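These notes concern the structure reproduced below.
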Amino acid sequence: MSETLSDEEVEERLPPEWEYVDDEIVRTYDFNDYLAGVAFASEVGELADEAYHHPTIVIEYDTVEVRFTSHEAGGVTEQDLELAAECDALR
Ligand SMILES: C[C@H](O)[C@H](O)[C@H]1CNC2=NC(N)=NC(=O)C2=N1
């Protein structure tokens, strides 16, 4: 099982635009078109399922919020940071 990172490690390595809140890393992506957000969420889902590491995804009319944490480890791990960067690369 992956080990959780310290608060300092997470803050230091968090990709830009991401926030560290209550043992989760979160980013809200803005979209002009609802279905573009839905398509993006689906791509995030594919990344997650391939990694078998699943975020919370909240789709609203002009935003998609993606939240990662490692439930089994009980906090943020390397895998969360890696997937955050992969989500950013989808844009
Ligand atoms: C039973 C457990 O949910 C599974 O082993 C996987 C599935 N996806 C997961 N996703 C995330 N974010 N954290 C996990 O610990 C995790 N575990």
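We name chains A, B, ... following the order of the structure tokens; residues begin at 1 in each chain, and ligands are numbered from 1 as shown.
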Quick one: residues within 12 Å of A:Arg27, only C-alpha atoms counted, chain neighbours fewer than 5 positions away excluded, as JSON, numbers by chain? {"A": [14, 15, 16, 17, 18, 19, 20, 21, 55, 56, 57, 58, 63, 64, 65, 66, 67, 68, 81, 83, 84, 85, 87, 88]}
Just-selected residues, C-alpha atoms written as a short mmCIF file (atom, residue, chain, number, x, y, z; two decimals), in the first residue's frame:
```cif
data_model
loop_
_atom_site.label_atom_id
_atom_site.label_comp_id
_atom_site.auth_asym_id
_atom_site.auth_seq_id
_atom_site.Cartn_x
_atom_site.Cartn_y
_atom_site.Cartn_z
CA LEU A 14 1.12 19.96 -5.49
CA PRO A 15 0.68 20.91 -9.18
CA PRO A 16 -0.28 24.57 -9.74
CA GLU A 17 -4.05 25.30 -9.56
CA TRP A 18 -4.55 22.40 -7.09
CA GLU A 19 -5.43 22.93 -3.43
CA TYR A 20 -4.81 20.69 -0.42
CA VAL A 21 -7.89 20.54 1.80
CA PRO A 55 -11.48 10.60 -7.61
CA THR A 56 -14.67 12.32 -6.62
CA ILE A 57 -15.85 14.22 -9.70
CA VAL A 58 -18.52 16.91 -9.44
CA THR A 63 -17.17 23.62 -13.87
CA VAL A 64 -15.82 20.15 -13.09
CA GLU A 65 -14.34 19.61 -9.64
CA VAL A 66 -11.88 16.73 -9.23
CA ARG A 67 -10.89 15.53 -5.77
CA PHE A 68 -8.22 12.88 -5.12
CA LEU A 81 -0.28 13.69 -7.23
CA LEU A 83 -3.14 11.45 -11.37
CA ALA A 84 -3.64 15.16 -10.72
CA ALA A 85 -0.86 15.91 -13.19
CA CYS A 87 -5.77 15.27 -15.37
CA ASP A 88 -4.08 18.60 -16.07
#
```
Exercise answer, 12 Å around ligand 1 with only C-alpha atoms and all ligand atoms, as a PDB file with C-alpha atoms, in the first residue's frame:
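Done, and the output landed in part.pdb:
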```pdb
ATOM      1  CA  MET A   1       0.000   0.000   0.000  1.00  0.00           C
ATOM      2  CA  SER A   2       1.242   3.529  -0.781  1.00  0.00           C
ATOM      3  CA  GLU A   3       2.297   5.635   2.179  1.00  0.00           C
ATOM      4  CA  THR A   4       0.630   8.982   2.819  1.00  0.00           C
ATOM      5  CA  ASP A  23      -6.476  15.201   3.283  1.00  0.00           C
ATOM      6  CA  GLU A  24      -7.643  15.666  -0.311  1.00  0.00           C
ATOM      7  CA  ILE A  25      -6.201  17.491  -3.306  1.00  0.00           C
ATOM      8  CA  GLY A  45     -12.766   8.601 -15.274  1.00  0.00           C
ATOM      9  CA  LEU A  47      -7.503   7.670 -16.362  1.00  0.00           C
ATOM     10  CA  ALA A  48      -8.773   6.754 -12.912  1.00  0.00           C
ATOM     11  CA  ASP A  49     -10.143   3.389 -13.910  1.00  0.00           C
ATOM     12  CA  GLU A  50      -6.931   2.512 -15.703  1.00  0.00           C
ATOM     13  CA  ALA A  51      -5.012   3.337 -12.510  1.00  0.00           C
ATOM     14  CA  TYR A  52      -7.736   1.801 -10.352  1.00  0.00           C
ATOM     15  CA  HIS A  53      -7.586   4.949  -8.257  1.00  0.00           C
ATOM     16  CA  HIS A  54     -10.808   6.907  -8.288  1.00  0.00           C
ATOM     17  CA  PRO A  55     -11.482  10.596  -7.607  1.00  0.00           C
ATOM     18  CA  THR A  56     -14.667  12.321  -6.623  1.00  0.00           C
ATOM     19  CA  ILE A  57     -15.852  14.223  -9.699  1.00  0.00           C
ATOM     20  CA  VAL A  66     -11.878  16.733  -9.235  1.00  0.00           C
ATOM     21  CA  ARG A  67     -10.893  15.531  -5.766  1.00  0.00           C
ATOM     22  CA  PHE A  68      -8.218  12.877  -5.123  1.00  0.00           C
ATOM     23  CA  THR A  69      -7.271  11.121  -1.921  1.00  0.00           C
ATOM     24  CA  SER A  70      -6.105   7.581  -1.202  1.00  0.00           C
ATOM     25  CA  HIS A  71      -8.897   6.099   0.880  1.00  0.00           C
ATOM     26  CA  GLU A  72      -7.081   2.927   1.912  1.00  0.00           C
ATOM     27  CA  ALA A  73      -3.938   4.832   2.891  1.00  0.00           C
ATOM     28  CA  GLY A  74      -5.973   7.513   4.685  1.00  0.00           C
ATOM     29  CA  GLY A  75      -4.566  10.556   2.972  1.00  0.00           C
ATOM     30  CA  VAL A  76      -2.740  11.933  -0.057  1.00  0.00           C
ATOM     31  CA  THR A  77      -0.172   9.646  -1.686  1.00  0.00           C
ATOM     32  CA  GLU A  78       2.172   9.786  -4.661  1.00  0.00           C
ATOM     33  CA  GLN A  79      -0.581   8.281  -6.809  1.00  0.00           C
ATOM     34  CA  ASP A  80      -2.908  11.193  -6.126  1.00  0.00           C
ATOM     35  CA  LEU A  81      -0.278  13.693  -7.233  1.00  0.00           C
ATOM     36  CA  LEU A  83      -3.142  11.451 -11.372  1.00  0.00           C
ATOM     37  CA  ALA A  84      -3.635  15.163 -10.719  1.00  0.00           C
TER      38      ALA A  84
END
```
Excluding same-chain residues fewer than 3 positions from A:Ile59, what lies within 12 Å of it counting only C-alpha atoms, as a VMD selection string? chain A and resid 28 to 31 33 to 42 44 56 62 to 67
Could you find all residues in chain A that DSSP calls strand (DSSP E) from the backbone, and write them as a PyMOL selection string? chain A and resi 19-21+24-30+56-59+63-68
Could you write those residues out with N, CA and C atoms, as an mmCIF file, in the first residue's frame?
```cif
data_model
loop_
_atom_site.group_PDB
_atom_site.id
_atom_site.type_symbol
_atom_site.label_atom_id
_atom_site.label_comp_id
_atom_site.auth_asym_id
_atom_site.auth_seq_id
_atom_site.Cartn_x
_atom_site.Cartn_y
_atom_site.Cartn_z
ATOM 1 N N GLU A 19 -5.431 22.553 -4.851
ATOM 2 C CA GLU A 19 -5.425 22.928 -3.434
ATOM 3 C C GLU A 19 -5.395 21.665 -2.593
ATOM 4 N N TYR A 20 -4.898 21.800 -1.379
ATOM 5 C CA TYR A 20 -4.808 20.690 -0.424
ATOM 6 C C TYR A 20 -5.747 21.006 0.732
ATOM 7 N N VAL A 21 -6.846 20.250 0.811
ATOM 8 C CA VAL A 21 -7.893 20.544 1.800
ATOM 9 C C VAL A 21 -8.331 19.245 2.470
ATOM 10 N N GLU A 24 -7.324 15.863 1.108
ATOM 11 C CA GLU A 24 -7.643 15.666 -0.311
ATOM 12 C C GLU A 24 -6.927 16.750 -1.125
ATOM 13 N N ILE A 25 -6.656 16.446 -2.387
ATOM 14 C CA ILE A 25 -6.201 17.491 -3.306
ATOM 15 C C ILE A 25 -7.345 17.736 -4.278
ATOM 16 N N VAL A 26 -7.581 19.005 -4.565
ATOM 17 C CA VAL A 26 -8.771 19.359 -5.349
ATOM 18 C C VAL A 26 -8.444 20.459 -6.346
ATOM 19 N N ARG A 27 -9.048 20.317 -7.535
ATOM 20 C CA ARG A 27 -8.969 21.380 -8.543
ATOM 21 C C ARG A 27 -10.321 21.518 -9.203
ATOM 22 N N THR A 28 -10.713 22.752 -9.463
ATOM 23 C CA THR A 28 -11.939 23.027 -10.208
ATOM 24 C C THR A 28 -11.551 23.559 -11.580
ATOM 25 N N TYR A 29 -11.999 22.857 -12.624
ATOM 26 C CA TYR A 29 -11.734 23.235 -14.007
ATOM 27 C C TYR A 29 -12.954 23.979 -14.543
ATOM 28 N N ASP A 30 -12.714 25.070 -15.257
ATOM 29 C CA ASP A 30 -13.807 25.873 -15.821
ATOM 30 C C ASP A 30 -14.075 25.478 -17.279
ATOM 31 N N THR A 56 -13.302 11.781 -6.632
ATOM 32 C CA THR A 56 -14.667 12.321 -6.623
ATOM 33 C C THR A 56 -14.713 13.368 -7.722
ATOM 34 N N ILE A 57 -15.714 13.267 -8.595
ATOM 35 C CA ILE A 57 -15.852 14.223 -9.699
ATOM 36 C C ILE A 57 -17.226 14.864 -9.579
ATOM 37 N N VAL A 58 -17.244 16.193 -9.517
ATOM 38 C CA VAL A 58 -18.525 16.907 -9.442
ATOM 39 C C VAL A 58 -18.662 17.766 -10.692
ATOM 40 N N ILE A 59 -19.664 17.441 -11.506
ATOM 41 C CA ILE A 59 -19.900 18.181 -12.754
ATOM 42 C C ILE A 59 -21.006 19.198 -12.513
ATOM 43 N N THR A 63 -18.402 24.059 -14.536
ATOM 44 C CA THR A 63 -17.168 23.619 -13.869
ATOM 45 C C THR A 63 -17.182 22.098 -13.689
ATOM 46 N N VAL A 64 -15.992 21.555 -13.529
ATOM 47 C CA VAL A 64 -15.825 20.155 -13.092
ATOM 48 C C VAL A 64 -14.810 20.178 -11.952
ATOM 49 N N GLU A 65 -15.229 19.674 -10.803
ATOM 50 C CA GLU A 65 -14.343 19.612 -9.642
ATOM 51 C C GLU A 65 -13.809 18.183 -9.513
ATOM 52 N N VAL A 66 -12.502 18.050 -9.380
ATOM 53 C CA VAL A 66 -11.878 16.733 -9.235
ATOM 54 C C VAL A 66 -11.165 16.689 -7.890
ATOM 55 N N ARG A 67 -11.484 15.676 -7.096
ATOM 56 C CA ARG A 67 -10.893 15.531 -5.766
ATOM 57 C C ARG A 67 -10.220 14.171 -5.657
ATOM 58 N N PHE A 68 -8.934 14.146 -5.315
ATOM 59 C CA PHE A 68 -8.218 12.877 -5.123
ATOM 60 C C PHE A 68 -7.782 12.732 -3.668
#
```
Would you please extract all alpha helix (DSSP H) residues from chain A, as assigned by DSSP on the backbone, and give them as a PyMOL selection string? chain A and resi 7-13+34-51+78-89
